[in-house]
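Visitor: Input file: my_file_4.pdb. Contents: PDB, C-alpha atoms.
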ATOM      1  CA  MET A  25      -1.998  15.794 -54.332
ATOM      2  CA  GLU A  26      -0.820  12.236 -53.744
ATOM      3  CA  ILE A  27      -0.117  10.322 -50.547
ATOM      4  CA  ALA A  28       3.574  10.163 -51.538
ATOM      5  CA  ASP A  29       3.565  13.987 -51.436
ATOM      6  CA  LEU A  30       2.307  13.902 -47.834
ATOM      7  CA  LEU A  31       4.356  11.019 -46.442
ATOM      8  CA  THR A  32       8.050  11.824 -46.755
ATOM      9  CA  GLY A  33       9.006   8.138 -46.473
ATOM     10  CA  PRO A  34       8.892   5.233 -44.026
ATOM     11  CA  GLU A  35      10.104   7.592 -41.283
ATOM     12  CA  ALA A  36       6.610   9.161 -41.435
ATOM     13  CA  VAL A  37       4.996   5.800 -40.634
ATOM     14  CA  LEU A  38       4.529   4.337 -37.161
ATOM     15  CA  ALA A  39       3.900   0.601 -37.329
ATOM     16  CA  SER A  40       2.691  -0.426 -33.880
ATOM     17  CA  VAL A  41       1.946   2.501 -31.569
ATOM     18  CA  LYS A  42       1.162   1.577 -27.983
ATOM     19  CA  THR A  43      -0.819   4.275 -26.223
ATOM     20  CA  SER A  44      -3.269   4.653 -23.373
ATOM     21  CA  GLY A  45      -5.818   6.953 -24.996
ATOM     22  CA  LYS A  46      -6.656   9.757 -27.394
ATOM     23  CA  LYS A  47      -4.654  12.511 -25.692
ATOM     24  CA  ALA A  48      -1.580  10.290 -25.295
ATOM     25  CA  LEU A  49      -1.901   9.265 -28.951
ATOM     26  CA  LEU A  50      -2.055  12.889 -30.106
ATOM     27  CA  ALA A  51       1.015  13.642 -27.959
ATOM     28  CA  GLU A  52       2.893  10.725 -29.547
ATOM     29  CA  LEU A  53       1.917  11.858 -33.054
ATOM     30  CA  ALA A  54       2.922  15.460 -32.303
ATOM     31  CA  SER A  55       6.290  14.260 -30.995
ATOM     32  CA  ARG A  56       7.010  12.154 -34.075
ATOM     33  CA  ALA A  57       5.763  14.827 -36.511
ATOM     34  CA  ALA A  58       7.908  17.420 -34.742
ATOM     35  CA  SER A  59      11.043  15.353 -35.275
ATOM     36  CA  VAL A  60      10.236  14.251 -38.849
ATOM     37  CA  PHE A  61       8.996  17.628 -40.142
ATOM     38  CA  GLY A  62      10.933  20.022 -37.906
ATOM     39  CA  LEU A  63       7.864  21.369 -36.102
ATOM     40  CA  GLU A  64       7.404  22.689 -32.587
ATOM     41  CA  GLU A  65       6.008  19.681 -30.705
ATOM     42  CA  ARG A  66       4.023  21.500 -27.989
ATOM     43  CA  ARG A  67       2.451  23.919 -30.451
ATOM     44  CA  LEU A  68       1.391  21.087 -32.754
ATOM     45  CA  PHE A  69      -0.056  19.122 -29.834
ATOM     46  CA  ASP A  70      -2.016  22.199 -28.699
ATOM     47  CA  ARG A  71      -3.371  22.719 -32.238
ATOM     48  CA  LEU A  72      -4.457  19.077 -32.440
ATOM     49  CA  ILE A  73      -6.238  19.322 -29.076
ATOM     50  CA  GLU A  74      -7.935  22.574 -30.174
ATOM     51  CA  ARG A  75      -9.145  20.885 -33.365
ATOM     52  CA  GLU A  76     -10.478  17.868 -31.466
ATOM     53  CA  ALA A  77     -12.395  20.230 -29.152
ATOM     54  CA  LEU A  78     -14.379  21.369 -32.219
ATOM     55  CA  GLY A  79     -15.408  17.770 -32.927
ATOM     56  CA  SER A  80     -13.694  14.435 -33.160
ATOM     57  CA  THR A  81     -11.660  13.660 -36.264
ATOM     58  CA  GLY A  82     -12.562   9.990 -35.802
ATOM     59  CA  ILE A  83     -14.371   9.336 -39.088
ATOM     60  CA  GLY A  84     -15.677   5.866 -38.230
ATOM     61  CA  GLY A  85     -14.622   2.337 -39.019
ATOM     62  CA  GLY A  86     -11.706   2.544 -36.575
ATOM     63  CA  ILE A  87     -10.086   5.409 -38.504
ATOM     64  CA  ALA A  88      -9.124   8.945 -37.464
ATOM     65  CA  ILE A  89      -7.648  11.822 -39.453
ATOM     66  CA  PRO A  90      -6.486  14.384 -36.884
ATOM     67  CA  HIS A  91      -5.290  17.571 -38.538
ATOM     68  CA  ALA A  92      -3.861  20.975 -37.749
ATOM     69  CA  ARG A  93      -2.286  23.975 -39.409
ATOM     70  CA  MET A  94       1.197  25.188 -38.622
ATOM     71  CA  GLY A  95       2.729  28.409 -39.906
ATOM     72  CA  SER A  96       6.210  26.904 -40.089
ATOM     73  CA  LEU A  97       5.267  24.464 -42.873
ATOM     74  CA  THR A  98       5.364  25.311 -46.568
ATOM     75  CA  THR A  99       3.537  22.207 -47.834
ATOM     76  CA  PRO A 100       1.074  19.713 -46.290
ATOM     77  CA  ARG A 101       2.687  16.740 -44.566
ATOM     78  CA  GLY A 102       1.317  13.479 -43.223
ATOM     79  CA  LEU A 103       2.153  10.907 -40.609
ATOM     80  CA  PHE A 104       0.526   7.463 -40.610
ATOM     81  CA  ALA A 105       0.099   5.365 -37.469
ATOM     82  CA  ARG A 106      -1.145   1.839 -36.963
ATOM     83  CA  LEU A 107      -1.998   1.263 -33.305
ATOM     84  CA  ALA A 108      -1.107  -1.963 -31.488
ATOM     85  CA  GLN A 109      -4.475  -1.790 -29.702
ATOM     86  CA  PRO A 110      -7.479   0.408 -30.584
ATOM     87  CA  VAL A 111      -8.155   3.428 -28.352
ATOM     88  CA  ALA A 112     -11.341   5.375 -27.645
ATOM     89  CA  PHE A 113     -11.345   8.458 -29.874
ATOM     90  CA  ASP A 114     -14.926   9.806 -29.659
ATOM     91  CA  ALA A 115     -15.407   8.780 -33.300
ATOM     92  CA  ILE A 116     -18.721   9.394 -35.029
ATOM     93  CA  ASP A 117     -19.582   5.678 -34.766
ATOM     94  CA  ASP A 118     -18.218   5.392 -31.178
ATOM     95  CA  ARG A 119     -15.827   2.699 -32.391
ATOM     96  CA  PRO A 120     -12.249   2.780 -31.065
ATOM     97  CA  VAL A 121      -9.534   3.835 -33.497
ATOM     98  CA  ASP A 122      -6.527   1.815 -34.660
ATOM     99  CA  ILE A 123      -5.684   3.517 -37.988
ATOM    100  CA  VAL A 124      -4.622   7.166 -37.827
ATOM    101  CA  PHE A 125      -3.408   9.558 -40.505
ATOM    102  CA  LEU A 126      -2.160  12.843 -39.053
ATOM    103  CA  LEU A 127      -2.280  15.716 -41.510
ATOM    104  CA  VAL A 128      -0.434  18.998 -40.907
ATOM    105  CA  ALA A 129      -0.822  21.859 -43.376
ATOM    106  CA  PRO A 130       0.608  25.366 -43.691
ATOM    107  CA  GLU A 131      -1.376  28.122 -41.979
ATOM    108  CA  GLY A 132      -2.721  29.667 -45.190
ATOM    109  CA  ALA A 133      -3.234  26.470 -47.195
ATOM    110  CA  GLY A 134      -7.038  26.490 -47.384
ATOM    111  CA  ALA A 135      -7.582  24.631 -50.661
ATOM    112  CA  ASP A 136      -4.468  22.453 -50.338
ATOM    113  CA  HIS A 137      -5.474  21.466 -46.804
ATOM    114  CA  LEU A 138      -8.948  20.435 -47.995
ATOM    115  CA  LYS A 139      -7.536  18.545 -51.002
ATOM    116  CA  ALA A 140      -5.137  16.657 -48.742
ATOM    117  CA  LEU A 141      -7.940  15.791 -46.300
ATOM    118  CA  ALA A 142     -10.123  14.575 -49.168
ATOM    119  CA  ARG A 143      -7.274  12.490 -50.595
ATOM    120  CA  VAL A 144      -6.537  10.809 -47.264
ATOM    121  CA  SER A 145     -10.239  10.217 -46.641
ATOM    122  CA  ARG A 146     -10.680   8.577 -50.063
ATOM    123  CA  LEU A 147      -7.645   6.388 -49.484
ATOM    124  CA  LEU A 148      -8.860   5.172 -46.102
ATOM    125  CA  ARG A 149     -12.357   4.370 -47.401
ATOM    126  CA  ASP A 150     -10.796   1.465 -49.328
ATOM    127  CA  ARG A 151     -11.733  -1.438 -47.029
ATOM    128  CA  GLY A 152      -9.300  -3.830 -48.713
ATOM    129  CA  LEU A 153      -6.411  -1.441 -48.155
ATOM    130  CA  VAL A 154      -7.409  -0.787 -44.536
ATOM    131  CA  ASP A 155      -7.532  -4.545 -43.884
ATOM    132  CA  LYS A 156      -4.000  -4.864 -45.308
ATOM    133  CA  LEU A 157      -2.795  -1.928 -43.191
ATOM    134  CA  ARG A 158      -4.229  -3.575 -40.071
ATOM    135  CA  ALA A 159      -2.435  -6.838 -40.915
ATOM    136  CA  THR A 160       0.981  -5.223 -41.515
ATOM    137  CA  GLU A 161       3.416  -4.536 -38.671
ATOM    138  CA  ASN A 162       6.402  -3.110 -40.561
ATOM    139  CA  ALA A 163       6.800   0.621 -41.293
ATOM    140  CA  GLU A 164       8.399   0.110 -44.721
ATOM    141  CA  ALA A 165       5.649  -2.307 -45.776
ATOM    142  CA  LEU A 166       2.942   0.064 -44.509
ATOM    143  CA  TYR A 167       4.528   2.928 -46.436
ATOM    144  CA  ALA A 168       4.655   0.811 -49.600
ATOM    145  CA  LEU A 169       0.991  -0.170 -49.198
ATOM    146  CA  LEU A 170      -0.057   3.465 -48.789
ATOM    147  CA  VAL A 171       1.980   4.761 -51.723
ATOM    148  CA  ASP A 172       1.382   1.776 -54.046
ATOM    149  CA  SER A 173      -2.373   1.813 -53.448
ATOM    150  CA  VAL A 174      -2.473   5.370 -54.737
ATOM    151  CA  GLN A 175      -0.549   4.447 -57.878
ATOM    152  CA  THR A 176      -2.894   1.490 -58.426
ATOM    153  CA  GLN A 177      -5.990   3.688 -57.947
ATOM    154  CA  SER A 178      -4.578   6.353 -60.288
ATOM    155  CA  ALA A 179      -3.920   3.797 -63.030
ATOM    156  CA  ALA A 180      -7.447   2.365 -62.834
TER     157      ALA A 180
END
Is it possible to give me this structure as structure tokens?
Guide:
Amino acid sequence: MEIADLLTGPEAVLASVKTSGKKALLAELASRAASVFGLEERRLFDRLIEREALGSTGIGGGIAIPHARMGSLTTPRGLFARLAQPVAFDAIDDRPVDIVFLLVAPEGAGADHLKALARVSRLLRDRGLVDKLRATENAEALYALLVDSVQTQSAA
């Protein structure tokens, strides 16, 4: 599973999200994912909140990978967001988050969901890439960085 399989294009990238906090951020992501992937916004938001109640998806280093499962999907989908200003996210290192990759998977996609999470996590552990993502304010350029970095990693 590649990042290009998860991100449908630049429309699945938010370049400079302005938000007041974690809950508002999750609401914004649910709204955008609902319109891009044809999902029910309120249901997705509720699923994201339920998942966060189990433990924060803030993985440290200013990065979060919120995720949920939705029965209406047939394949995992992703939405990338670069925040204008970091927000508190209850991350494992207590650092505020400014890089977010929302992952939504089909209800019964156990292995695919885990593979997608692992792929996104590996991608966002690349400090050089994350620095470039933080320095880029254009959705198309962010999308290209995310997709091209995968092709570069695969070729190495």
Visitor: Taking into account all atoms listed in the file, which residue in the set A:Ile116, A:Val154, A:Leu170, A:Leu63 is nearest to A:Val128?
Guide: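 Among A:Ile116, A:Val154, A:Leu170, A:Leu63, it is A:Leu63 that comes nearest to A:Val128.
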Visitor: Counting all atoms listed in the file, figure out which residue out of A:Ala140, A:Ser96, A:Ser44, A:Glu35 gets nearest to A:Gly62.
Guide: A:Ser96
Visitor: Once the PyMOL selection byres ((chain A and resi 57) around 9) is applied to the coordinates I shared, what remains selected? I want it as a list of chain:residue names.
Guide: A:Ala36, A:Glu52, A:Leu53, A:Ala54, A:Ser55, A:Arg56, A:Ala58, A:Ser59, A:Val60, A:Phe61, A:Gly62, A:Leu63, A:Glu64, A:Glu65, A:Leu68, A:Arg101, A:Gly102, A:Leu103, A:Leu126, A:Val128
Visitor: Take the residues that were just selected and, keeping C-alpha atoms, output them as a PDB file, in the frame of the given file.
Guide:
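Dumped everything to again-v2.pdb:
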ATOM      1  CA  ALA A  36       6.610   9.161 -41.435  1.00  0.00           C
ATOM      2  CA  GLU A  52       2.893  10.725 -29.547  1.00  0.00           C
ATOM      3  CA  LEU A  53       1.917  11.858 -33.054  1.00  0.00           C
ATOM      4  CA  ALA A  54       2.922  15.460 -32.303  1.00  0.00           C
ATOM      5  CA  SER A  55       6.290  14.260 -30.995  1.00  0.00           C
ATOM      6  CA  ARG A  56       7.010  12.154 -34.075  1.00  0.00           C
ATOM      7  CA  ALA A  58       7.908  17.420 -34.742  1.00  0.00           C
ATOM      8  CA  SER A  59      11.043  15.353 -35.275  1.00  0.00           C
ATOM      9  CA  VAL A  60      10.236  14.251 -38.849  1.00  0.00           C
ATOM     10  CA  PHE A  61       8.996  17.628 -40.142  1.00  0.00           C
ATOM     11  CA  GLY A  62      10.933  20.022 -37.906  1.00  0.00           C
ATOM     12  CA  LEU A  63       7.864  21.369 -36.102  1.00  0.00           C
ATOM     13  CA  GLU A  64       7.404  22.689 -32.587  1.00  0.00           C
ATOM     14  CA  GLU A  65       6.008  19.681 -30.705  1.00  0.00           C
ATOM     15  CA  LEU A  68       1.391  21.087 -32.754  1.00  0.00           C
ATOM     16  CA  ARG A 101       2.687  16.740 -44.566  1.00  0.00           C
ATOM     17  CA  GLY A 102       1.317  13.479 -43.223  1.00  0.00           C
ATOM     18  CA  LEU A 103       2.153  10.907 -40.609  1.00  0.00           C
ATOM     19  CA  LEU A 126      -2.160  12.843 -39.053  1.00  0.00           C
ATOM     20  CA  VAL A 128      -0.434  18.998 -40.907  1.00  0.00           C
TER      21      VAL A 128
END
Visitor: Work out where the centre of an axis-aligned box around every listed atom of stretch 124-130 of chain A lies and how long its edges are once 4 Å is added on each side; give both in Å to one decimal as JSON.
Guide:
{"center_x": -2.0, "center_y": 16.3, "center_z": -40.8, "size_x": 13.2, "size_y": 26.2, "size_z": 13.9}
Visitor: For A:Arg119, which of A:Met25, A:Ile73, A:Ile87, A:Ala159 is the closest residue, counting all atoms listed in the file?
Guide: A:Ile87
Visitor: Could you tell me which of A:Ala48, A:Ile83, A:Leu148, A:Leu141 comes closest to A:Val121 if we count all atoms listed in the file?
Guide: A:Ile83
Visitor: Point out the residue among A:Leu153, A:Leu138, A:Ala88, A:Ala168 with the least atom-to-atom distance to A:Leu49, counting all atoms listed in the file.
Guide: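 Closest residue, counting all atoms listed in the file: A:Ala88.
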Visitor: Evaluate the PyMOL selection byres ((chain A and resi 71) around 10) here and jot the selected residues down as a list in words.
Guide: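 Answer for the PyMOL selection byres ((chain A and resi 71) around 10): Ala54, Glu65, Arg66, Arg67, Leu68, Phe69, Asp70, Leu72, Ile73, Glu74, Arg75, Glu76, Ala77, His91, Ala92, Arg93, Met94 and Val128 of chain A.
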Visitor: So which residues get picked by the PyMOL selection byres ((chain A and resi 109) around 9) here, written as a list in words?
Guide: Ser40, Val41, Lys42, Thr43, Arg106, Leu107, Ala108, Pro110, Val111, Val121 and Asp122 of chain A
Visitor: Could you please take those selected residues and save C-alpha atoms as a short mmCIF file (atom, residue, chain, number, x, y, z; two decimals), in the coordinates of the input?
Guide:
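Wrote it out as again.cif, contents follow:
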data_model
loop_
_atom_site.label_atom_id
_atom_site.label_comp_id
_atom_site.auth_asym_id
_atom_site.auth_seq_id
_atom_site.Cartn_x
_atom_site.Cartn_y
_atom_site.Cartn_z
CA SER A 40 2.69 -0.43 -33.88
CA VAL A 41 1.95 2.50 -31.57
CA LYS A 42 1.16 1.58 -27.98
CA THR A 43 -0.82 4.28 -26.22
CA ARG A 106 -1.14 1.84 -36.96
CA LEU A 107 -2.00 1.26 -33.30
CA ALA A 108 -1.11 -1.96 -31.49
CA PRO A 110 -7.48 0.41 -30.58
CA VAL A 111 -8.15 3.43 -28.35
CA VAL A 121 -9.53 3.84 -33.50
CA ASP A 122 -6.53 1.82 -34.66
#
Visitor: Atom CA of A:Ala163 and atom CA of A:Leu38 are how many Å apart?
Guide: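 Computing it gives 6.0 Å between the two atoms.
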Visitor: Under the rule that only C-alpha atoms are counted, which of A:Val124, A:Leu30, A:Leu157, A:Ala115 is the nearest residue to A:Gly79?
Guide: A:Ala115
Visitor: Work out how far apart atom CA of A:Arg143 and atom CA of A:Leu31 are and give it in Å to one decimal.
Guide: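 Atom CA of A:Arg143 sits 12.4 Å away from atom CA of A:Leu31.
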Visitor: Can we get stretch 90-117 of chain A of that structure written down with N, CA and C atoms, as an mmCIF file, in the first residue's frame?
Guide:
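Generated file (part38.cif):
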data_model
loop_
_atom_site.group_PDB
_atom_site.id
_atom_site.type_symbol
_atom_site.label_atom_id
_atom_site.label_comp_id
_atom_site.auth_asym_id
_atom_site.auth_seq_id
_atom_site.Cartn_x
_atom_site.Cartn_y
_atom_site.Cartn_z
ATOM 1 N N PRO A 90 -4.668 10.481 13.342
ATOM 2 C CA PRO A 90 -6.005 10.058 13.761
ATOM 3 C C PRO A 90 -6.573 9.079 12.736
ATOM 4 N N HIS A 91 -7.321 8.095 13.217
ATOM 5 C CA HIS A 91 -7.864 7.106 12.293
ATOM 6 C C HIS A 91 -9.185 6.560 12.797
ATOM 7 N N ALA A 92 -9.972 6.082 11.834
ATOM 8 C CA ALA A 92 -11.291 5.531 12.135
ATOM 9 C C ALA A 92 -11.664 4.552 11.036
ATOM 10 N N ARG A 93 -12.676 3.760 11.335
ATOM 11 C CA ARG A 93 -13.222 2.832 10.338
ATOM 12 C C ARG A 93 -14.645 3.243 10.002
ATOM 13 N N MET A 94 -14.953 3.153 8.720
ATOM 14 C CA MET A 94 -16.279 3.520 8.240
ATOM 15 C C MET A 94 -16.775 2.434 7.294
ATOM 16 N N GLY A 95 -17.964 1.939 7.543
ATOM 17 C CA GLY A 95 -18.534 0.871 6.733
ATOM 18 C C GLY A 95 -18.792 1.256 5.288
ATOM 19 N N SER A 96 -18.943 2.543 5.017
ATOM 20 C CA SER A 96 -19.273 2.974 3.660
ATOM 21 C C SER A 96 -18.066 3.006 2.721
ATOM 22 N N LEU A 97 -16.871 2.820 3.232
ATOM 23 C CA LEU A 97 -15.675 2.801 2.384
ATOM 24 C C LEU A 97 -15.375 1.388 1.889
ATOM 25 N N THR A 98 -14.735 1.309 0.735
ATOM 26 C CA THR A 98 -14.319 -0.004 0.224
ATOM 27 C C THR A 98 -12.806 -0.159 0.250
ATOM 28 N N THR A 99 -12.078 0.959 0.417
ATOM 29 C CA THR A 99 -10.626 0.938 0.455
ATOM 30 C C THR A 99 -10.141 2.033 1.403
ATOM 31 N N PRO A 100 -9.003 1.856 2.059
ATOM 32 C CA PRO A 100 -8.501 2.913 2.955
ATOM 33 C C PRO A 100 -8.238 4.209 2.199
ATOM 34 N N ARG A 101 -8.503 5.318 2.858
ATOM 35 C CA ARG A 101 -8.300 6.643 2.281
ATOM 36 C C ARG A 101 -7.610 7.531 3.305
ATOM 37 N N GLY A 102 -6.860 8.507 2.806
ATOM 38 C CA GLY A 102 -6.135 9.409 3.688
ATOM 39 C C GLY A 102 -6.381 10.865 3.347
ATOM 40 N N LEU A 103 -6.159 11.691 4.353
ATOM 41 C CA LEU A 103 -6.266 13.130 4.217
ATOM 42 C C LEU A 103 -5.096 13.724 5.005
ATOM 43 N N PHE A 104 -4.286 14.543 4.343
ATOM 44 C CA PHE A 104 -3.128 15.143 4.997
ATOM 45 C C PHE A 104 -3.431 16.596 5.329
ATOM 46 N N ALA A 105 -3.006 17.032 6.511
ATOM 47 C CA ALA A 105 -3.188 18.431 6.904
ATOM 48 C C ALA A 105 -1.920 18.982 7.536
ATOM 49 N N ARG A 106 -1.556 20.163 7.067
ATOM 50 C CA ARG A 106 -0.467 20.930 7.673
ATOM 51 C C ARG A 106 -1.141 22.097 8.377
ATOM 52 N N LEU A 107 -0.924 22.231 9.676
ATOM 53 C CA LEU A 107 -1.587 23.273 10.448
ATOM 54 C C LEU A 107 -0.799 24.578 10.391
ATOM 55 N N ALA A 108 -1.521 25.696 10.363
ATOM 56 C CA ALA A 108 -0.889 27.015 10.361
ATOM 57 C C ALA A 108 -0.156 27.244 11.684
ATOM 58 N N GLN A 109 -0.771 26.797 12.768
ATOM 59 C CA GLN A 109 -0.182 26.886 14.109
ATOM 60 C C GLN A 109 -0.418 25.556 14.816
ATOM 61 N N PRO A 110 0.593 25.053 15.544
ATOM 62 C CA PRO A 110 0.414 23.787 16.270
ATOM 63 C C PRO A 110 -0.703 23.884 17.310
ATOM 64 N N VAL A 111 -1.374 22.754 17.551
ATOM 65 C CA VAL A 111 -2.420 22.689 18.578
ATOM 66 C C VAL A 111 -2.117 21.548 19.549
ATOM 67 N N ALA A 112 -2.555 21.726 20.792
ATOM 68 C CA ALA A 112 -2.408 20.668 21.796
ATOM 69 C C ALA A 112 -3.214 19.460 21.317
ATOM 70 N N PHE A 113 -2.611 18.266 21.439
ATOM 71 C CA PHE A 113 -3.260 17.066 20.917
ATOM 72 C C PHE A 113 -3.114 15.883 21.880
ATOM 73 N N ASP A 114 -2.614 16.132 23.087
ATOM 74 C CA ASP A 114 -2.381 15.065 24.064
ATOM 75 C C ASP A 114 -1.438 14.002 23.505
ATOM 76 N N ALA A 115 -0.457 14.428 22.730
ATOM 77 C CA ALA A 115 0.493 13.487 22.118
ATOM 78 C C ALA A 115 1.351 12.824 23.186
ATOM 79 N N ILE A 116 1.964 11.709 22.810
ATOM 80 C CA ILE A 116 2.753 10.946 23.788
ATOM 81 C C ILE A 116 3.932 11.738 24.339
ATOM 82 N N ASP A 117 4.424 12.733 23.590
ATOM 83 C CA ASP A 117 5.527 13.560 24.082
ATOM 84 C C ASP A 117 5.036 14.929 24.573
#
